>>> print(open('input.tsv').read())   # TSV, C-alpha atoms
chain	number	residue	atom	x	y	z
U	1	MET	CA	108.26	101.98	92.73
U	2	THR	CA	105.36	100.46	94.69
U	3	LEU	CA	104.88	101.71	98.24
U	4	SER	CA	105.52	99.14	100.97
U	5	HIS	CA	102.14	98.01	102.22
U	6	ASP	CA	100.02	95.43	104.04
U	7	LEU	CA	96.67	93.94	103.04
U	8	ALA	CA	94.05	92.59	105.43
U	9	GLY	CA	90.47	91.43	105.12
U	10	GLN	CA	88.18	90.70	102.22
U	11	GLY	CA	85.06	92.39	100.97
U	12	PRO	CA	83.57	94.58	98.29
U	13	SER	CA	84.88	97.85	99.77
U	14	THR	CA	88.50	98.90	100.11
U	15	VAL	CA	89.87	101.20	102.81
U	16	VAL	CA	93.28	102.87	102.48
U	17	LEU	CA	95.09	104.05	105.61
U	18	LEU	CA	97.60	106.93	105.28
U	19	HIS	CA	99.83	107.66	108.26
U	20	SER	CA	100.89	110.92	109.87
U	21	GLY	CA	104.26	112.60	109.32
U	22	VAL	CA	105.72	111.37	112.62
U	23	CYS	CA	104.65	107.77	112.04
U	24	ASP	CA	104.53	105.02	109.45
U	25	ARG	CA	101.95	102.36	108.65
U	26	ARG	CA	102.38	100.78	112.08
U	27	MET	CA	100.35	103.61	113.59
U	28	TRP	CA	97.23	101.75	112.38
U	29	ASP	CA	97.92	98.54	114.35
U	30	GLY	CA	94.92	99.33	116.56
U	31	GLN	CA	92.48	99.85	113.69
U	32	LEU	CA	93.53	97.39	110.96
U	33	PRO	CA	91.92	94.25	112.52
U	34	ALA	CA	88.63	96.01	113.34
U	35	LEU	CA	88.27	97.38	109.80
U	36	ALA	CA	89.05	93.98	108.30
U	37	ASP	CA	86.58	92.26	110.67
U	38	ALA	CA	83.93	94.78	109.59
U	39	GLY	CA	84.11	93.42	106.05
U	40	HIS	CA	86.55	95.77	104.37
U	41	ARG	CA	89.64	95.02	102.34
U	42	VAL	CA	92.21	97.19	104.11
U	43	VAL	CA	95.41	98.62	102.63
U	44	ARG	CA	97.94	100.43	104.77
U	45	CYS	CA	101.13	101.75	103.26
U	46	ASP	CA	104.35	103.56	104.09
U	47	LEU	CA	104.54	106.79	102.12
U	48	ARG	CA	107.89	107.52	100.51
U	49	GLY	CA	110.50	108.33	103.16
U	50	PHE	CA	108.71	106.47	105.95
U	51	GLY	CA	108.82	102.94	107.30
U	52	GLU	CA	109.98	100.49	104.66
U	53	THR	CA	109.57	102.80	101.64
U	54	PRO	CA	112.79	104.60	100.66
U	55	VAL	CA	113.20	108.02	99.09
U	56	ASP	CA	114.61	107.17	95.69
U	57	ALA	CA	113.29	109.85	93.30
U	58	ARG	CA	111.31	113.05	93.00
U	59	HIS	CA	107.75	112.12	93.81
U	60	THR	CA	104.20	113.23	94.55
U	61	HIS	CA	102.68	111.37	97.47
U	62	ALA	CA	99.15	111.40	96.02
U	63	GLU	CA	100.39	109.88	92.77
U	64	ASP	CA	102.28	107.23	94.72
U	65	VAL	CA	98.94	106.29	96.34
U	66	ARG	CA	97.30	106.15	92.91
U	67	ASP	CA	100.08	103.90	91.62
U	68	LEU	CA	99.65	101.59	94.62
U	69	LEU	CA	95.91	101.26	94.00
U	70	ASP	CA	96.59	100.59	90.32
U	71	HIS	CA	99.06	97.89	91.33
U	72	LEU	CA	96.43	96.29	93.59
U	73	GLY	CA	93.65	96.58	91.03
U	74	VAL	CA	91.57	98.88	93.24
U	75	ASP	CA	89.36	101.26	91.29
U	76	ARG	CA	87.75	103.10	94.23
U	77	ALA	CA	88.43	103.25	97.95
U	78	ALA	CA	87.60	105.06	101.15
U	79	VAL	CA	90.71	106.90	102.30
U	80	VAL	CA	91.58	107.46	105.96
U	81	GLY	CA	94.33	109.99	106.61
U	82	ALA	CA	95.98	111.20	109.82
U	83	SER	CA	97.64	114.63	109.86
U	84	PHE	CA	100.08	114.62	106.92
U	85	GLY	CA	98.27	111.55	105.62
U	86	GLY	CA	95.06	113.57	105.66
U	87	ARG	CA	96.65	116.18	103.43
U	88	VAL	CA	97.75	113.44	101.02
U	89	ALA	CA	94.21	112.01	101.11
U	90	LEU	CA	92.77	115.41	100.16
U	91	GLU	CA	95.29	115.82	97.35
U	92	PHE	CA	94.44	112.36	96.04
U	93	ALA	CA	90.69	113.04	96.22
U	94	ALA	CA	91.10	116.37	94.42
U	95	ARG	CA	93.27	114.91	91.67
U	96	HIS	CA	91.37	111.62	91.26
U	97	PRO	CA	87.80	112.23	92.49
U	98	GLY	CA	86.34	109.16	90.83
U	99	ARG	CA	88.61	106.90	92.85
U	100	VAL	CA	87.51	108.03	96.33
U	101	SER	CA	84.25	106.88	97.95
U	102	ALA	CA	84.73	108.62	101.32
U	103	LEU	CA	87.31	110.45	103.41
U	104	ALA	CA	88.04	110.10	107.12
U	105	LEU	CA	90.42	112.88	108.20
U	106	LEU	CA	91.95	112.67	111.68
U	107	ALA	CA	93.71	115.87	112.78
U	108	SER	CA	94.27	116.45	109.10
U	109	GLY	CA	96.63	118.78	107.35
U	110	ILE	CA	95.47	120.61	104.25
U	111	PRO	CA	97.18	121.47	100.95
U	112	GLY	CA	98.80	124.89	101.13
U	113	MET	CA	98.70	124.93	104.94
U	114	ARG	CA	100.60	127.91	106.33
U	115	PRO	CA	101.84	127.32	109.88
U	116	SER	CA	101.19	129.82	112.62
U	117	GLU	CA	104.03	131.79	114.14
U	118	GLU	CA	104.07	129.33	117.04
U	119	LEU	CA	104.27	126.28	114.78
U	120	ARG	CA	106.98	127.91	112.64
U	121	ALA	CA	108.99	128.54	115.82
U	122	TRP	CA	108.48	124.89	116.76
U	123	GLY	CA	109.73	123.83	113.31
U	124	ASP	CA	112.78	126.09	113.64
U	125	ARG	CA	113.56	124.44	116.97
U	126	GLU	CA	113.30	120.98	115.43
U	127	ASP	CA	115.52	122.02	112.49
U	128	ALA	CA	118.14	123.40	114.85
U	129	MET	CA	118.25	120.12	116.76
U	130	LEU	CA	118.62	118.10	113.55
U	131	ASP	CA	121.27	120.45	112.14
U	132	ALA	CA	123.25	120.04	115.34
U	133	GLY	CA	122.98	116.25	115.16
U	134	HIS	CA	120.75	116.04	118.25
U	135	LEU	CA	118.48	113.37	116.84
U	136	ASP	CA	117.29	112.10	120.22
U	137	ALA	CA	116.20	115.59	121.24
U	138	ALA	CA	114.30	116.12	117.99
U	139	VAL	CA	112.54	112.77	118.42
U	140	GLU	CA	111.50	113.62	121.98
U	141	LEU	CA	110.26	117.04	120.87
U	142	ASN	CA	107.91	115.31	118.45
U	143	VAL	CA	106.76	112.69	120.92
U	144	ASP	CA	105.96	115.35	123.53
U	145	THR	CA	104.20	117.64	121.05
U	146	TRP	CA	102.02	115.27	119.07
U	147	LEU	CA	100.79	112.72	121.59
U	148	GLY	CA	97.91	113.77	123.82
U	149	PRO	CA	97.31	112.96	127.50
U	150	GLU	CA	95.65	109.59	126.78
U	151	ALA	CA	98.76	108.11	125.13
U	152	ASP	CA	100.39	105.34	127.15
U	153	GLU	CA	104.07	104.49	127.23
U	154	ALA	CA	103.68	101.87	124.50
U	155	ALA	CA	102.29	104.53	122.15
U	156	ARG	CA	105.08	106.90	123.06
U	157	ALA	CA	107.70	104.21	122.43
U	158	LEU	CA	106.18	103.38	119.03
U	159	VAL	CA	106.10	107.02	117.93
U	160	ARG	CA	109.67	107.41	119.15
U	161	GLU	CA	110.73	104.44	116.99
U	162	MET	CA	108.78	105.53	113.91
U	163	GLN	CA	109.90	109.16	114.05
U	164	ARG	CA	113.56	108.28	114.55
U	165	HIS	CA	113.47	105.95	111.55
U	166	ALA	CA	111.77	108.61	109.40
U	167	PHE	CA	114.43	111.15	110.35
U	168	GLU	CA	117.20	108.71	109.49
U	169	VAL	CA	115.71	107.83	106.10
U	170	GLN	CA	114.87	111.40	105.11
U	171	LEU	CA	118.12	112.96	106.30
U	172	ALA	CA	120.11	110.42	104.29
U	173	ALA	CA	118.16	111.06	101.06
U	174	PRO	CA	119.57	113.43	98.40
U	175	GLU	CA	117.82	116.79	98.51
U	176	GLU	CA	116.74	116.49	94.87
U	177	PHE	CA	114.66	113.40	95.76
U	178	GLY	CA	112.15	115.38	97.81
U	179	PRO	CA	108.38	115.50	97.30
U	180	VAL	CA	106.68	117.62	94.66
U	181	ASP	CA	103.80	119.85	95.75
U	182	PRO	CA	100.78	118.95	93.57
U	183	GLY	CA	99.44	122.49	93.95
U	184	VAL	CA	95.85	121.63	94.92
U	185	THR	CA	93.72	124.76	95.34
U	186	PRO	CA	90.84	125.50	97.74
U	187	ASP	CA	88.45	125.52	94.78
U	188	GLU	CA	89.50	121.98	93.93
U	189	LEU	CA	89.01	120.88	97.54
U	190	ALA	CA	85.53	122.43	97.55
U	191	ARG	CA	84.59	120.10	94.68
U	192	ILE	CA	85.29	116.97	96.78
U	193	GLU	CA	81.69	115.83	97.28
U	194	VAL	CA	82.15	112.43	98.94
U	195	PRO	CA	81.20	111.94	102.61
U	196	ALA	CA	84.00	113.29	104.78
U	197	LEU	CA	84.53	112.74	108.50
U	198	VAL	CA	86.59	115.59	109.97
U	199	ALA	CA	87.82	114.65	113.45
U	200	VAL	CA	90.08	116.78	115.66
U	201	GLY	CA	91.29	116.56	119.24
U	202	ALA	CA	90.68	119.13	121.97
U	203	HIS	CA	94.34	118.77	123.01
U	204	ASP	CA	95.76	119.22	119.49
U	205	VAL	CA	97.81	122.29	118.57
U	206	PRO	CA	95.71	125.26	117.40
U	207	ASP	CA	96.83	124.99	113.76
U	208	PHE	CA	95.10	121.65	113.27
U	209	ARG	CA	91.95	122.76	115.03
U	210	ALA	CA	91.90	125.66	112.57
U	211	VAL	CA	92.30	123.21	109.69
U	212	ALA	CA	89.29	121.26	110.97
U	213	ASP	CA	87.28	124.49	111.05
U	214	ARG	CA	88.28	125.19	107.47
U	215	LEU	CA	87.55	121.70	106.17
U	216	ASP	CA	84.18	121.68	107.90
U	217	GLY	CA	83.21	124.74	105.88
U	218	LEU	CA	85.00	123.80	102.67
U	219	LEU	CA	84.02	120.19	102.00
U	220	PRO	CA	80.38	119.95	100.88
U	221	ALA	CA	79.67	116.66	102.69
U	222	ALA	CA	81.83	117.17	105.79
U	223	ARG	CA	80.82	116.04	109.26
U	224	ARG	CA	82.88	117.52	112.09
U	225	ILE	CA	83.60	115.57	115.28
U	226	ASP	CA	85.54	117.01	118.21
U	227	LEU	CA	87.27	114.45	120.41
U	228	ASP	CA	87.52	115.94	123.89
U	229	TRP	CA	90.14	113.38	124.96
U	230	ALA	CA	92.44	113.48	121.93
U	231	GLY	CA	95.68	115.16	121.01
U	232	HIS	CA	97.08	114.95	117.50
U	233	LEU	CA	97.22	111.15	117.12
U	234	PRO	CA	93.91	109.65	118.31
U	235	ALA	CA	94.62	106.35	116.55
U	236	LEU	CA	97.47	105.78	119.02
U	237	GLU	CA	95.93	107.49	122.03
U	238	ARG	CA	92.67	105.52	122.15
U	239	PRO	CA	93.04	102.82	119.49
U	240	ASP	CA	89.78	100.98	120.18
U	241	GLU	CA	87.66	104.13	120.26
U	242	THR	CA	89.23	105.38	117.04
U	243	ALA	CA	88.59	102.01	115.42
U	244	ARG	CA	84.90	102.21	116.38
U	245	LEU	CA	84.70	105.74	115.01
U	246	LEU	CA	86.06	104.62	111.64
U	247	VAL	CA	84.02	101.40	111.46
U	248	ASP	CA	80.78	103.26	112.26
U	249	PHE	CA	81.47	106.03	109.74
U	250	LEU	CA	82.29	103.59	106.96
U	251	ALA	CA	79.20	101.50	107.79
U	252	GLU	CA	77.07	104.62	107.30
U	253	VAL	CA	78.80	105.36	103.99
U	254	CYS	CA	78.27	101.80	102.73
U	255	ALA	CA	74.63	101.79	103.84
U	256	ALA	CA	73.95	105.10	102.07
U	257	ALA	CA	75.60	103.80	98.89
U	258	ARG	CA	73.19	100.83	98.82
U	259	HIS	CA	70.12	103.10	98.85
>>> encode(input="input.tsv", output="structure tokens")
Amino acid sequence: MTLSHDLAGQGPSTVVLLHSGVCDRRMWDGQLPALADAGHRVVRCDLRGFGETPVDARHTHAEDVRDLLDHLGVDRAAVVGASFGGRVALEFAARHPGRVSALALLASGIPGMRPSEELRAWGDREDAMLDAGHLDAAVELNVDTWLGPEADEAARALVREMQRHAFEVQLAAPEEFGPVDPGVTPDELARIEVPALVAVGAHDVPDFRAVADRLDGLLPAARRIDLDWAGHLPALERPDETARLLVDFLAEVCAAARH
């Protein structure tokens, strides 16, 4: 199965956008045009169980991304990942290092991430709402938790729509069709040598700030940026500023590759 996706722009470099776990590929509406206008071929996709991509088999998200790039004839790409999408980007880079030219990780997860006691309690609360059939309450819990103070009502409405749809798709899928953990180790992550932007928001939950600390020390070519205005989803909170951040980072990567 090929992941549902959009293509925009033309150019010698390809950029892949991987969404967070409360969103789908629509979260990149504010960045897709800017990246295409900057001369990149841009691919954004719905990972399995999100947006327009169903859950129809056991799967590994990183291998789904590889299969999509194979389908598109893309040998190497810069990969941008938000939260859960950042974890998938890291897994893909660890498993297929020759196919990644750069990483941009926004409030990224990390393979093997162990949630804090507070985040586990939050997850238990979400599970209880879903088990009781209180889908609206679970959606609002996610909207309130993951969007920072800069998010406007349009961003909140979009996250509400994307998260509800993800819940509906994933809850309806047979349990045996869930994702497979690729088992990427810290040693494998430490061998990811491509330029890596590690961005995290001052208003994000502590777990993801801790992940940024870890990635900053783990990835050999990491550059850490703290966004004093951002929560967990900067691409939706300040779309234009996030677009500039990505365009500037990728311009530096492309310029360095030419020298």
>>> closest_residue(input="input.tsv", among="U:Leu141, U:Leu158, U:Ala102, U:Ala221", to="Cys254 in chain U", atoms="all atoms listed in the file")
U:Ala102
>>> closest_residue(input="input.tsv", among="U:Val22, U:Ala151, U:Ala107, U:Ala34", to="Gly49 in chain U", atoms="all atoms listed in the file")
U:Val22
>>> residues_around(input="input.tsv", residues="Pro206 in chain U", least_positions_apart="3", cutoff="10 Å", atoms="only C-alpha atoms", output="ChimeraX atom specification")
/U:115-116,118-119,201-203,209-212
>>> closest_residue(input="input.tsv", among="U:Ser108, U:Gln10, U:Ser101, U:Asn142", to="Ala78 in chain U", atoms="only C-alpha atoms")
U:Ser101
>>> closest_residue(input="input.tsv", among="U:Leu130, U:Leu17, U:Val43, U:Met27", to="Met162 in chain U", atoms="all atoms listed in the file")
U:Met27
>>> closest_residue(input="input.tsv", among="U:Val169, U:Val247, U:Val88, U:Val184", to="Gln31 in chain U", atoms="all atoms listed in the file")
U:Val247
>>> closest_residue(input="input.tsv", among="U:Pro186, U:Gly148, U:Gly9, U:Gly73", to="Glu237 in chain U", atoms="all atoms listed in the file")
U:Gly148
>>> residues_around(input="input.tsv", residues="Asp6 in chain U", least_positions_apart="4", cutoff="10 Å", atoms="all atoms listed in the file", output="ChimeraX atom specification")
/U:25-26,32,42-46
>>> atom_distance(input="input.tsv", atom1="CA of Ala104 in chain U", atom2="CA of Gly123 in chain U")
26.4 Å
>>> atom_distance(input="input.tsv", atom1="CA of Glu241 in chain U", atom2="CA of Phe50 in chain U")
25.6 Å
>>> atom_distance(input="input.tsv", atom1="CA of Asp216 in chain U", atom2="CA of Ser83 in chain U")
15.3 Å
